[in-house]
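Peer 1: Below is the file target_6.pdb, with PDB, C-alpha atoms, pLDDT in the B column.
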```pdb
MODEL        1
ATOM      1  CA  MET A  30      81.042 212.390   6.506  1.00 44.00           C
ATOM      2  CA  GLU A  31      79.176 210.359   3.891  1.00 43.00           C
ATOM      3  CA  ASN A  32      79.881 210.604   0.153  1.00 44.00           C
ATOM      4  CA  MET A  33      83.172 212.406   0.680  1.00 45.00           C
ATOM      5  CA  GLU A  34      85.398 209.783  -0.945  1.00 46.00           C
ATOM      6  CA  ASN A  35      86.020 211.885  -4.061  1.00 46.00           C
ATOM      7  CA  GLU A  36      87.139 214.791  -1.919  1.00 77.00           C
ATOM      8  CA  VAL A  37      90.082 212.968  -0.331  1.00 89.00           C
ATOM      9  CA  ILE A  38      93.499 214.280  -1.339  1.00 92.00           C
ATOM     10  CA  LYS A  39      96.922 212.831  -0.500  1.00 93.00           C
ATOM     11  CA  ILE A  40      99.674 215.210   0.588  1.00 93.00           C
ATOM     12  CA  PRO A  41     103.316 214.086   1.029  1.00 94.00           C
ATOM     13  CA  ARG A  42     105.328 215.115   4.062  1.00 94.00           C
ATOM     14  CA  GLY A  43     106.801 218.636   4.022  1.00 93.00           C
ATOM     15  CA  VAL A  44     104.282 220.215   1.626  1.00 93.00           C
ATOM     16  CA  VAL A  45     102.948 223.720   2.234  1.00 93.00           C
ATOM     17  CA  ILE A  46      99.168 223.276   2.088  1.00 94.00           C
ATOM     18  CA  PHE A  47      98.534 227.011   2.306  1.00 93.00           C
ATOM     19  CA  ARG A  48     100.299 230.183   3.352  1.00 89.00           C
ATOM     20  CA  GLU A  49      99.212 233.098   5.497  1.00 85.00           C
ATOM     21  CA  GLY A  50      97.538 235.723   3.314  1.00 82.00           C
ATOM     22  CA  GLU A  51      96.236 233.304   0.659  1.00 85.00           C
ATOM     23  CA  GLU A  52      92.534 232.999  -0.127  1.00 83.00           C
ATOM     24  CA  GLY A  53      90.689 230.505   2.053  1.00 80.00           C
ATOM     25  CA  ASN A  54      88.092 228.738  -0.083  1.00 82.00           C
ATOM     26  CA  PHE A  55      88.480 225.323   1.530  1.00 86.00           C
ATOM     27  CA  MET A  56      88.836 223.716   4.926  1.00 88.00           C
ATOM     28  CA  TYR A  57      90.423 220.341   5.560  1.00 91.00           C
ATOM     29  CA  LEU A  58      89.645 217.313   7.718  1.00 90.00           C
ATOM     30  CA  ILE A  59      92.608 215.075   8.534  1.00 93.00           C
ATOM     31  CA  LEU A  60      92.008 211.376   7.887  1.00 93.00           C
ATOM     32  CA  LYS A  61      95.655 210.389   8.234  1.00 95.00           C
ATOM     33  CA  GLY A  62      98.921 212.070   9.191  1.00 96.00           C
ATOM     34  CA  LYS A  63      99.804 215.303  10.972  1.00 96.00           C
ATOM     35  CA  VAL A  64      99.705 218.966   9.947  1.00 96.00           C
ATOM     36  CA  LYS A  65     101.707 221.760  11.550  1.00 95.00           C
ATOM     37  CA  ILE A  66     100.139 225.215  11.887  1.00 91.00           C
ATOM     38  CA  LEU A  67     102.481 228.211  12.101  1.00 89.00           C
ATOM     39  CA  ARG A  68     101.878 231.919  12.525  1.00 80.00           C
ATOM     40  CA  LYS A  69     104.676 234.394  11.848  1.00 74.00           C
ATOM     41  CA  GLY A  70     107.049 231.431  11.811  1.00 77.00           C
ATOM     42  CA  GLU A  71     105.991 230.256  15.297  1.00 78.00           C
ATOM     43  CA  GLU A  72     104.412 226.836  15.713  1.00 83.00           C
ATOM     44  CA  ILE A  73     100.990 227.185  17.320  1.00 82.00           C
ATOM     45  CA  ALA A  74      99.549 223.694  16.796  1.00 85.00           C
ATOM     46  CA  VAL A  75     100.188 220.200  15.445  1.00 92.00           C
ATOM     47  CA  LEU A  76      96.953 218.592  14.305  1.00 92.00           C
ATOM     48  CA  GLY A  77      96.260 214.897  13.761  1.00 93.00           C
ATOM     49  CA  LYS A  78      93.593 212.443  12.671  1.00 92.00           C
ATOM     50  CA  GLY A  79      90.072 213.803  13.226  1.00 85.00           C
ATOM     51  CA  ASP A  80      91.197 217.431  13.480  1.00 87.00           C
ATOM     52  CA  PHE A  81      90.281 220.068  10.932  1.00 87.00           C
ATOM     53  CA  PHE A  82      91.899 223.320   9.844  1.00 90.00           C
ATOM     54  CA  GLY A  83      91.368 226.148   7.389  1.00 88.00           C
ATOM     55  CA  ASP A  84      87.859 226.650   8.754  1.00 82.00           C
ATOM     56  CA  LEU A  85      88.297 230.369   9.549  1.00 78.00           C
ATOM     57  CA  GLY A  86      89.082 231.170   5.936  1.00 77.00           C
ATOM     58  CA  LEU A  87      86.118 229.144   4.688  1.00 78.00           C
ATOM     59  CA  LEU A  88      83.646 230.624   7.176  1.00 74.00           C
ATOM     60  CA  THR A  89      84.751 234.254   6.938  1.00 73.00           C
ATOM     61  CA  GLY A  90      85.971 234.490   3.363  1.00 74.00           C
ATOM     62  CA  LEU A  91      89.060 236.304   4.648  1.00 74.00           C
ATOM     63  CA  PRO A  92      92.683 235.415   3.784  1.00 81.00           C
ATOM     64  CA  ARG A  93      94.488 232.679   5.709  1.00 85.00           C
ATOM     65  CA  VAL A  94      95.849 233.801   9.071  1.00 81.00           C
ATOM     66  CA  ALA A  95      98.527 231.091   9.358  1.00 87.00           C
ATOM     67  CA  ASP A  96     100.643 228.613   7.401  1.00 91.00           C
ATOM     68  CA  ALA A  97      99.743 224.915   7.200  1.00 93.00           C
ATOM     69  CA  ILE A  98     102.477 222.372   6.430  1.00 95.00           C
ATOM     70  CA  SER A  99     102.191 218.584   6.338  1.00 95.00           C
ATOM     71  CA  GLU A 100     104.434 217.063   9.007  1.00 95.00           C
ATOM     72  CA  GLU A 101     103.749 213.524   7.780  1.00 95.00           C
ATOM     73  CA  ASP A 102     102.229 211.945   4.677  1.00 96.00           C
ATOM     74  CA  CYS A 103      98.581 212.989   4.942  1.00 96.00           C
ATOM     75  CA  GLU A 104      95.158 212.135   3.653  1.00 95.00           C
ATOM     76  CA  LEU A 105      92.836 215.124   3.849  1.00 93.00           C
ATOM     77  CA  VAL A 106      89.178 215.649   3.092  1.00 90.00           C
ATOM     78  CA  LEU A 107      88.816 218.831   1.050  1.00 88.00           C
ATOM     79  CA  ILE A 108      85.648 220.693   2.030  1.00 86.00           C
ATOM     80  CA  ASP A 109      84.235 223.692   0.161  1.00 86.00           C
ATOM     81  CA  GLU A 110      81.366 225.929   1.253  1.00 84.00           C
ATOM     82  CA  ASN A 111      78.616 223.775  -0.281  1.00 84.00           C
ATOM     83  CA  SER A 112      80.019 220.575   1.219  1.00 82.00           C
ATOM     84  CA  PHE A 113      80.358 222.280   4.584  1.00 80.00           C
ATOM     85  CA  ASP A 114      76.685 223.341   4.547  1.00 80.00           C
ATOM     86  CA  LYS A 115      75.591 219.784   3.749  1.00 80.00           C
ATOM     87  CA  ILE A 116      77.752 218.316   6.513  1.00 74.00           C
ATOM     88  CA  ILE A 117      76.464 220.781   9.110  1.00 75.00           C
ATOM     89  CA  LYS A 118      72.827 220.092   8.209  1.00 79.00           C
ATOM     90  CA  SER A 119      73.250 216.311   8.171  1.00 78.00           C
ATOM     91  CA  ASP A 120      75.381 215.951  11.322  1.00 75.00           C
ATOM     92  CA  PRO A 121      74.385 218.157  14.319  1.00 75.00           C
ATOM     93  CA  ASN A 122      77.028 216.514  16.495  1.00 78.00           C
ATOM     94  CA  LEU A 123      79.715 217.674  14.080  1.00 70.00           C
ATOM     95  CA  SER A 124      78.285 221.201  14.259  1.00 71.00           C
ATOM     96  CA  VAL A 125      78.748 221.232  18.033  1.00 77.00           C
ATOM     97  CA  ARG A 126      82.241 219.819  17.692  1.00 74.00           C
ATOM     98  CA  ILE A 127      83.236 222.510  15.201  1.00 72.00           C
ATOM     99  CA  LEU A 128      81.839 225.269  17.438  1.00 71.00           C
ATOM    100  CA  ARG A 129      83.820 223.938  20.392  1.00 76.00           C
ATOM    101  CA  LYS A 130      86.981 223.757  18.311  1.00 73.00           C
ATOM    102  CA  LEU A 131      86.469 227.304  17.093  1.00 70.00           C
ATOM    103  CA  ALA A 132      85.971 228.547  20.663  1.00 68.00           C
ATOM    104  CA  HIS A 133      89.228 226.874  21.771  1.00 70.00           C
ATOM    105  CA  ARG A 134      91.115 228.261  18.795  1.00 66.00           C
ATOM    106  CA  LEU A 135      89.783 231.746  19.424  1.00 65.00           C
ATOM    107  CA  ARG A 136      90.971 231.508  23.027  1.00 64.00           C
ATOM    108  CA  ASP A 137      94.394 230.270  21.911  1.00 65.00           C
ATOM    109  CA  MET A 138      94.612 233.019  19.301  1.00 61.00           C
ATOM    110  CA  TYR A 139      93.956 235.692  21.930  1.00 57.00           C
ATOM    111  CA  LYS A 140      96.657 234.141  24.150  1.00 61.00           C
ATOM    112  CA  LEU A 141      99.116 234.142  21.250  1.00 60.00           C
ATOM    113  CA  MET A 142      98.294 237.739  20.323  1.00 55.00           C
ATOM    114  CA  ASP A 143      98.761 238.795  23.939  1.00 56.00           C
ATOM    115  CA  LYS A 144     102.112 236.975  24.093  1.00 59.00           C
ATOM    116  CA  MET A 145     103.302 238.543  20.840  1.00 54.00           C
ATOM    117  CA  GLU A 146     102.211 241.995  21.980  1.00 51.00           C
ATOM    118  CA  ARG A 147     104.147 241.609  25.253  1.00 56.00           C
ATOM    119  CA  GLU A 148     107.233 240.379  23.425  1.00 56.00           C
ATOM    120  CA  GLU A 149     107.079 243.216  20.890  1.00 51.00           C
ATOM    121  CA  THR A 150     106.781 245.722  23.732  1.00 51.00           C
ATOM    122  CA  GLU A 151     109.781 244.193  25.471  1.00 54.00           C
ATOM    123  CA  ILE A 152     111.842 244.212  22.266  1.00 52.00           C
ATOM    124  CA  GLU A 153     111.143 247.933  21.919  1.00 49.00           C
ATOM    125  CA  VAL A 154     112.610 248.669  25.355  1.00 54.00           C
ATOM    126  CA  GLU A 155     115.264 245.940  25.453  1.00 61.00           C
ATOM    127  CA  ASN A 156     118.126 248.284  24.610  1.00 73.00           C
ATOM    128  CA  GLU A 157     116.802 251.316  26.466  1.00 88.00           C
ATOM    129  CA  PRO A 158     118.963 252.366  29.424  1.00 92.00           C
ATOM    130  CA  LEU A 159     117.586 252.809  32.913  1.00 93.00           C
ATOM    131  CA  PRO A 160     116.618 256.350  33.903  1.00 93.00           C
ATOM    132  CA  SER A 161     119.661 258.337  35.004  1.00 92.00           C
ATOM    133  CA  ASN A 162     118.403 258.543  38.589  1.00 94.00           C
ATOM    134  CA  VAL A 163     118.022 254.756  38.950  1.00 95.00           C
ATOM    135  CA  LYS A 164     120.950 252.507  39.814  1.00 96.00           C
ATOM    136  CA  ALA A 165     120.736 248.716  40.169  1.00 97.00           C
ATOM    137  CA  TRP A 166     123.076 245.749  40.376  1.00 97.00           C
ATOM    138  CA  PHE A 167     123.363 242.105  41.400  1.00 97.00           C
ATOM    139  CA  GLU A 168     125.957 240.818  43.837  1.00 97.00           C
ATOM    140  CA  LEU A 169     126.947 237.165  43.682  1.00 96.00           C
ATOM    141  CA  GLU A 170     126.386 236.093  47.270  1.00 90.00           C
ATOM    142  CA  LYS A 171     129.537 234.046  47.974  1.00 82.00           C
ATOM    143  CA  GLU A 172     132.066 235.490  45.522  1.00 84.00           C
ATOM    144  CA  GLY A 173     130.984 239.126  45.899  1.00 87.00           C
ATOM    145  CA  GLU A 174     131.150 239.676  42.128  1.00 93.00           C
ATOM    146  CA  ILE A 175     129.111 242.693  40.979  1.00 96.00           C
ATOM    147  CA  PHE A 176     126.887 242.630  37.868  1.00 97.00           C
ATOM    148  CA  PRO A 177     125.440 246.036  36.937  1.00 96.00           C
ATOM    149  CA  VAL A 178     121.862 246.320  35.700  1.00 96.00           C
ATOM    150  CA  GLU A 179     121.940 249.124  33.161  1.00 94.00           C
ATOM    151  CA  GLN A 180     119.030 248.452  30.804  1.00 92.00           C
ATOM    152  CA  LYS A 181     115.263 248.209  31.111  1.00 93.00           C
ATOM    153  CA  ILE A 182     115.499 244.524  30.212  1.00 93.00           C
ATOM    154  CA  THR A 183     118.401 242.522  31.609  1.00 94.00           C
ATOM    155  CA  PHE A 184     118.918 238.809  30.869  1.00 94.00           C
ATOM    156  CA  LEU A 185     120.414 236.449  33.436  1.00 96.00           C
ATOM    157  CA  GLY A 186     121.929 233.152  32.337  1.00 94.00           C
ATOM    158  CA  ARG A 187     124.847 231.482  30.591  1.00 92.00           C
ATOM    159  CA  LYS A 188     126.747 232.262  27.417  1.00 89.00           C
ATOM    160  CA  ASP A 189     125.528 230.334  24.353  1.00 80.00           C
ATOM    161  CA  LEU A 190     128.449 229.824  21.980  1.00 73.00           C
ATOM    162  CA  SER A 191     126.300 228.253  19.249  1.00 69.00           C
ATOM    163  CA  SER A 192     124.151 231.372  18.843  1.00 70.00           C
ATOM    164  CA  SER A 193     126.627 233.994  20.142  1.00 77.00           C
ATOM    165  CA  PHE A 194     124.120 234.943  22.838  1.00 82.00           C
ATOM    166  CA  VAL A 195     125.693 236.491  25.923  1.00 89.00           C
ATOM    167  CA  PRO A 196     123.324 237.505  28.752  1.00 92.00           C
ATOM    168  CA  HIS A 197     123.835 240.823  30.488  1.00 93.00           C
ATOM    169  CA  VAL A 198     124.470 238.916  33.718  1.00 95.00           C
ATOM    170  CA  ASP A 199     126.703 236.105  32.471  1.00 95.00           C
ATOM    171  CA  LEU A 200     127.075 233.445  35.162  1.00 95.00           C
ATOM    172  CA  SER A 201     128.972 230.972  32.970  1.00 93.00           C
ATOM    173  CA  PRO A 202     132.282 231.213  34.915  1.00 93.00           C
ATOM    174  CA  TYR A 203     130.523 230.369  38.190  1.00 93.00           C
ATOM    175  CA  ASP A 204     128.136 227.696  36.912  1.00 92.00           C
ATOM    176  CA  LYS A 205     130.606 224.850  36.292  1.00 88.00           C
ATOM    177  CA  ASN A 206     127.926 222.130  36.270  1.00 88.00           C
ATOM    178  CA  ARG A 207     125.578 224.082  33.986  1.00 89.00           C
ATOM    179  CA  TYR A 208     122.585 224.153  36.299  1.00 91.00           C
ATOM    180  CA  ILE A 209     121.641 227.560  34.894  1.00 94.00           C
ATOM    181  CA  SER A 210     119.863 227.828  31.539  1.00 91.00           C
ATOM    182  CA  ARG A 211     121.236 230.073  28.813  1.00 89.00           C
ATOM    183  CA  ARG A 212     118.223 232.383  28.946  1.00 89.00           C
ATOM    184  CA  HIS A 213     117.282 231.660  32.531  1.00 94.00           C
ATOM    185  CA  ALA A 214     115.455 234.805  33.626  1.00 95.00           C
ATOM    186  CA  ARG A 215     115.053 238.456  32.808  1.00 94.00           C
ATOM    187  CA  VAL A 216     114.779 241.554  34.962  1.00 96.00           C
ATOM    188  CA  ILE A 217     112.327 244.145  33.666  1.00 93.00           C
ATOM    189  CA  PHE A 218     112.123 247.796  34.683  1.00 94.00           C
ATOM    190  CA  ARG A 219     108.591 249.065  34.103  1.00 89.00           C
ATOM    191  CA  ASN A 220     106.636 251.998  35.511  1.00 87.00           C
ATOM    192  CA  GLY A 221     109.353 252.795  38.020  1.00 91.00           C
ATOM    193  CA  LYS A 222     109.614 249.252  39.425  1.00 93.00           C
ATOM    194  CA  PHE A 223     111.789 246.199  38.895  1.00 96.00           C
ATOM    195  CA  TYR A 224     110.340 242.768  38.156  1.00 95.00           C
ATOM    196  CA  ILE A 225     111.845 239.357  37.508  1.00 95.00           C
ATOM    197  CA  LYS A 226     110.475 236.701  35.162  1.00 93.00           C
ATOM    198  CA  GLU A 227     111.707 233.158  34.609  1.00 92.00           C
ATOM    199  CA  GLU A 228     111.900 232.172  30.968  1.00 88.00           C
ATOM    200  CA  VAL A 229     109.786 229.268  29.704  1.00 79.00           C
ATOM    201  CA  GLY A 230     111.688 225.974  29.506  1.00 80.00           C
ATOM    202  CA  VAL A 231     114.101 226.549  32.408  1.00 86.00           C
ATOM    203  CA  LEU A 232     114.970 223.195  34.000  1.00 82.00           C
ATOM    204  CA  ASN A 233     116.312 223.959  37.468  1.00 87.00           C
ATOM    205  CA  GLY A 234     114.003 226.766  38.475  1.00 90.00           C
ATOM    206  CA  THR A 235     114.343 230.293  39.821  1.00 95.00           C
ATOM    207  CA  PHE A 236     113.839 231.136  43.472  1.00 96.00           C
ATOM    208  CA  LEU A 237     112.977 234.583  44.801  1.00 96.00           C
ATOM    209  CA  ASN A 238     113.678 234.852  48.540  1.00 96.00           C
ATOM    210  CA  ASN A 239     113.676 231.030  48.726  1.00 94.00           C
ATOM    211  CA  ARG A 240     110.299 230.667  46.987  1.00 93.00           C
ATOM    212  CA  ARG A 241     110.158 229.191  43.503  1.00 92.00           C
ATOM    213  CA  ILE A 242     108.569 231.452  40.899  1.00 91.00           C
ATOM    214  CA  LYS A 243     106.476 230.290  37.957  1.00 86.00           C
ATOM    215  CA  PRO A 244     107.807 230.791  34.417  1.00 85.00           C
ATOM    216  CA  GLY A 245     106.261 233.591  32.380  1.00 81.00           C
ATOM    217  CA  PHE A 246     104.948 235.591  35.374  1.00 84.00           C
ATOM    218  CA  LEU A 247     106.282 238.891  36.684  1.00 89.00           C
ATOM    219  CA  TYR A 248     107.350 239.099  40.330  1.00 93.00           C
ATOM    220  CA  ASP A 249     108.274 242.246  42.240  1.00 94.00           C
ATOM    221  CA  LEU A 250     112.012 242.559  42.690  1.00 96.00           C
ATOM    222  CA  GLN A 251     112.792 244.644  45.753  1.00 96.00           C
ATOM    223  CA  ASP A 252     116.086 245.991  47.054  1.00 97.00           C
ATOM    224  CA  GLY A 253     117.855 243.236  48.999  1.00 97.00           C
ATOM    225  CA  ALA A 254     115.958 240.388  47.308  1.00 97.00           C
ATOM    226  CA  ARG A 255     117.813 237.076  46.997  1.00 97.00           C
ATOM    227  CA  VAL A 256     117.540 235.453  43.575  1.00 97.00           C
ATOM    228  CA  THR A 257     118.691 231.851  43.176  1.00 96.00           C
ATOM    229  CA  LEU A 258     119.306 230.373  39.719  1.00 95.00           C
ATOM    230  CA  GLY A 259     120.322 226.734  39.768  1.00 89.00           C
ATOM    231  CA  ARG A 260     122.771 226.681  42.673  1.00 90.00           C
ATOM    232  CA  LEU A 261     123.916 230.289  42.543  1.00 95.00           C
ATOM    233  CA  THR A 262     122.371 233.056  44.634  1.00 96.00           C
ATOM    234  CA  LEU A 263     122.544 236.740  43.784  1.00 97.00           C
ATOM    235  CA  VAL A 264     121.421 239.676  45.909  1.00 97.00           C
ATOM    236  CA  PHE A 265     119.630 242.466  44.078  1.00 98.00           C
ATOM    237  CA  HIS A 266     120.359 246.070  44.995  1.00 97.00           C
ATOM    238  CA  THR A 267     118.729 249.244  43.727  1.00 97.00           C
ATOM    239  CA  LYS A 268     118.863 252.927  44.596  1.00 93.00           C
ATOM    240  CA  THR A 269     116.876 255.882  43.304  1.00 89.00           C
ATOM    241  CA  LYS A 270     118.361 259.370  43.471  1.00 81.00           C
ATOM    242  CA  GLN A 271     116.083 262.315  43.996  1.00 71.00           C
ATOM    243  CA  VAL A 272     115.989 264.551  40.936  1.00 59.00           C
TER
ENDMDL
END
```
If you convert what's in this file into structure tokens, what do you get?
Peer 2:
Amino acid sequence: MENMENEVIKIPRGVVIFREGEEGNFMYLILKGKVKILRKGEEIAVLGKGDFFGDLGLLTGLPRVADAISEEDCELVLIDENSFDKIIKSDPNLSVRILRKLAHRLRDMYKLMDKMEREETEIEVENEPLPSNVKAWFELEKEGEIFPVEQKITFLGRKDLSSSFVPHVDLSPYDKNRYISRRHARVIFRNGKFYIKEEVGVLNGTFLNNRRIKPGFLYDLQDGARVTLGRLTLVFHTKTKQV
């Protein structure tokens, strides 16, 4: 990175460096500070010293695909197309490093797109009722309390007074010690079957028939299955009427 002193710019904390949709004529190398990258309002990366960003816009000539905001006071090297060509030709090791970074970012972008697509699909069906011939419910194992499952997506957890979120299966009255997370798990009805998925960030785990499940993955939920959240166990029941 020789002869780049004149290209260094200082950015205070909290400044929007660029927005999604803007033209991408420059890329940036971070000499000092941290930069947050967001897409559709969701944080996808926090970059620090030695990292670079804005490269996709520079290389493709297409508009920015994310927002970049300084999280700390930053010193950035501003690199245009001509400077980039000179750097690549003079430093083969940097070329390899950039290619590796781009490969990782492409992989992460595909993961994010897949996640967003799944979430959008789930939002579409969140308020859809179960088919009329399908009946399902949870029974709290010790108390015998019944919680009907009436929608294609059913949240299990605790009431969140700060955000007014109330899960379909609200276990707040039975979870005195708050072992259960607010959005602990969700039951999904898809292609004629029920599945359960633990939400990311749950602290005390979810157990299906005494085996802990991994967050973010779908597990078959069969009639008679025992689901344990924190220290509470529910039994899942389902019946399908012949039409």
Peer 1: Given the PyMOL selection byres ((chain A and resi 198) around 8) and the file above, list the residues it selects as a list in words.
Peer 2: Phe176, Pro177, Thr183, Phe184, Leu185, Gly186, Pro196, His197, Asp199 and Leu200 of chain A
Peer 1: Counting only C-alpha atoms, which residue out of A:Glu110, A:Gly79, A:Arg68, A:Phe167 sits closest to Asn54 of chain A?
Peer 2: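 That would be A:Glu110, the residue with the smallest distance to Asn54 of chain A.
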Peer 1: Given the file shown, enumerate the residues that the PyMOL selection byres ((chain A and resi 92) around 9) captures and present them as a PDB file with C-alpha atoms, in the coordinates of the input.
Peer 2:
```
ATOM      1  CA  GLU A  49      99.212 233.098   5.497  1.00 85.00           C
ATOM      2  CA  GLY A  50      97.538 235.723   3.314  1.00 82.00           C
ATOM      3  CA  GLU A  51      96.236 233.304   0.659  1.00 85.00           C
ATOM      4  CA  GLU A  52      92.534 232.999  -0.127  1.00 83.00           C
ATOM      5  CA  GLY A  53      90.689 230.505   2.053  1.00 80.00           C
ATOM      6  CA  ASN A  54      88.092 228.738  -0.083  1.00 82.00           C
ATOM      7  CA  LEU A  85      88.297 230.369   9.549  1.00 78.00           C
ATOM      8  CA  GLY A  86      89.082 231.170   5.936  1.00 77.00           C
ATOM      9  CA  THR A  89      84.751 234.254   6.938  1.00 73.00           C
ATOM     10  CA  GLY A  90      85.971 234.490   3.363  1.00 74.00           C
ATOM     11  CA  LEU A  91      89.060 236.304   4.648  1.00 74.00           C
ATOM     12  CA  ARG A  93      94.488 232.679   5.709  1.00 85.00           C
ATOM     13  CA  VAL A  94      95.849 233.801   9.071  1.00 81.00           C
TER      14      VAL A  94
END
```
Peer 1: Using only C-alpha atoms, pick whichever of A:Leu128, A:Leu105, A:Leu190, A:Ala74 has the shortest atom-to-atom distance to Val37 of chain A.
Peer 2: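 Nearest to Val37 of chain A: A:Leu105.
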Peer 1: Please, what distance in Å, to one decimal, runs between atom CA of Ile175 of chain A and atom CA of His266 of chain A?
Peer 2: 10.2 Å
Peer 1: Take the point (119.2, 261.2, 40.4) in the file's coordinates, draw a sphere of radius 8 Å around it, and report as a list in words every protein, DNA or RNA residue with an atom inside or on it, counting all atoms listed in the file.
Peer 2: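 Every residue inside that radius is included here: Ser161, Asn162, Val163, Thr269, Lys270, Gln271 and Val272 of chain A.
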Peer 1: Between A:Leu250, A:Leu258, A:Leu131, A:Ile116, which is the closest to Glu228 of chain A once you count only C-alpha atoms?
Peer 2: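 With only C-alpha atoms as the atom set, the closest residue is A:Leu258.
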Peer 1: Just how far from atom CA of Ile117 of chain A is atom CA of Val44 of chain A, in Å to one decimal?
Peer 2: 28.8 Å
Peer 1: By how many Å are atom CA of Ala254 of chain A and atom CA of Leu237 of chain A apart?
Peer 2: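 Calculated distance between atom CA of Ala254 of chain A and atom CA of Leu237 of chain A is 7.0 Å.
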Peer 1: Expanded to explicit residues, what is the PyMOL selection byres ((chain A and resi 118-125) around 12) for this file, as a ChimeraX atom specification?
Peer 2: /A:30-32,58,79-81,111-117,126-132
Peer 1: Closest to Tyr224 of chain A among A:Ser193, A:Gln251, A:Asn156, A:Thr267, using all atoms listed in the file?
Peer 2: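 Selected residue with least distance to Tyr224 of chain A: A:Gln251.
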Peer 1: Go through A:Lys63, A:Arg240, A:Arg187, A:Lys205 and flag the residue nearest Thr257 of chain A, using all atoms listed in the file for the distances.
Peer 2: A:Arg240
Peer 1: Using all atoms of segment 106-120 of chain A listed in the file and a margin of 8 Å per side, can you give the axis-aligned box centre and edge lengths in Å to one decimal, as AutoDock Vina command-line options?
Peer 2:
```
--center_x 81.0 --center_y 220.8 --center_z 5.5 --size_x 32.4 --size_y 26.3 --size_z 27.6
```
Peer 1: As an MDAnalysis selection string, please: the residues near Leu159 of chain A (cut-off 7 Å, only C-alpha atoms, same-chain neighbours under 3 positions excluded).
Peer 2: chainID A and resid 163 179:181
Peer 1: Please write the residues from the selection above to a file, keeping C-alpha atoms, as a short mmCIF file (atom, residue, chain, number, x, y, z; two decimals), in the coordinates of the input.
Peer 2:
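Done, and the output landed in out-v4.cif:
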```cif
data_model
loop_
_atom_site.label_atom_id
_atom_site.label_comp_id
_atom_site.auth_asym_id
_atom_site.auth_seq_id
_atom_site.Cartn_x
_atom_site.Cartn_y
_atom_site.Cartn_z
CA VAL A 163 118.02 254.76 38.95
CA GLU A 179 121.94 249.12 33.16
CA GLN A 180 119.03 248.45 30.80
CA LYS A 181 115.26 248.21 31.11
#
```
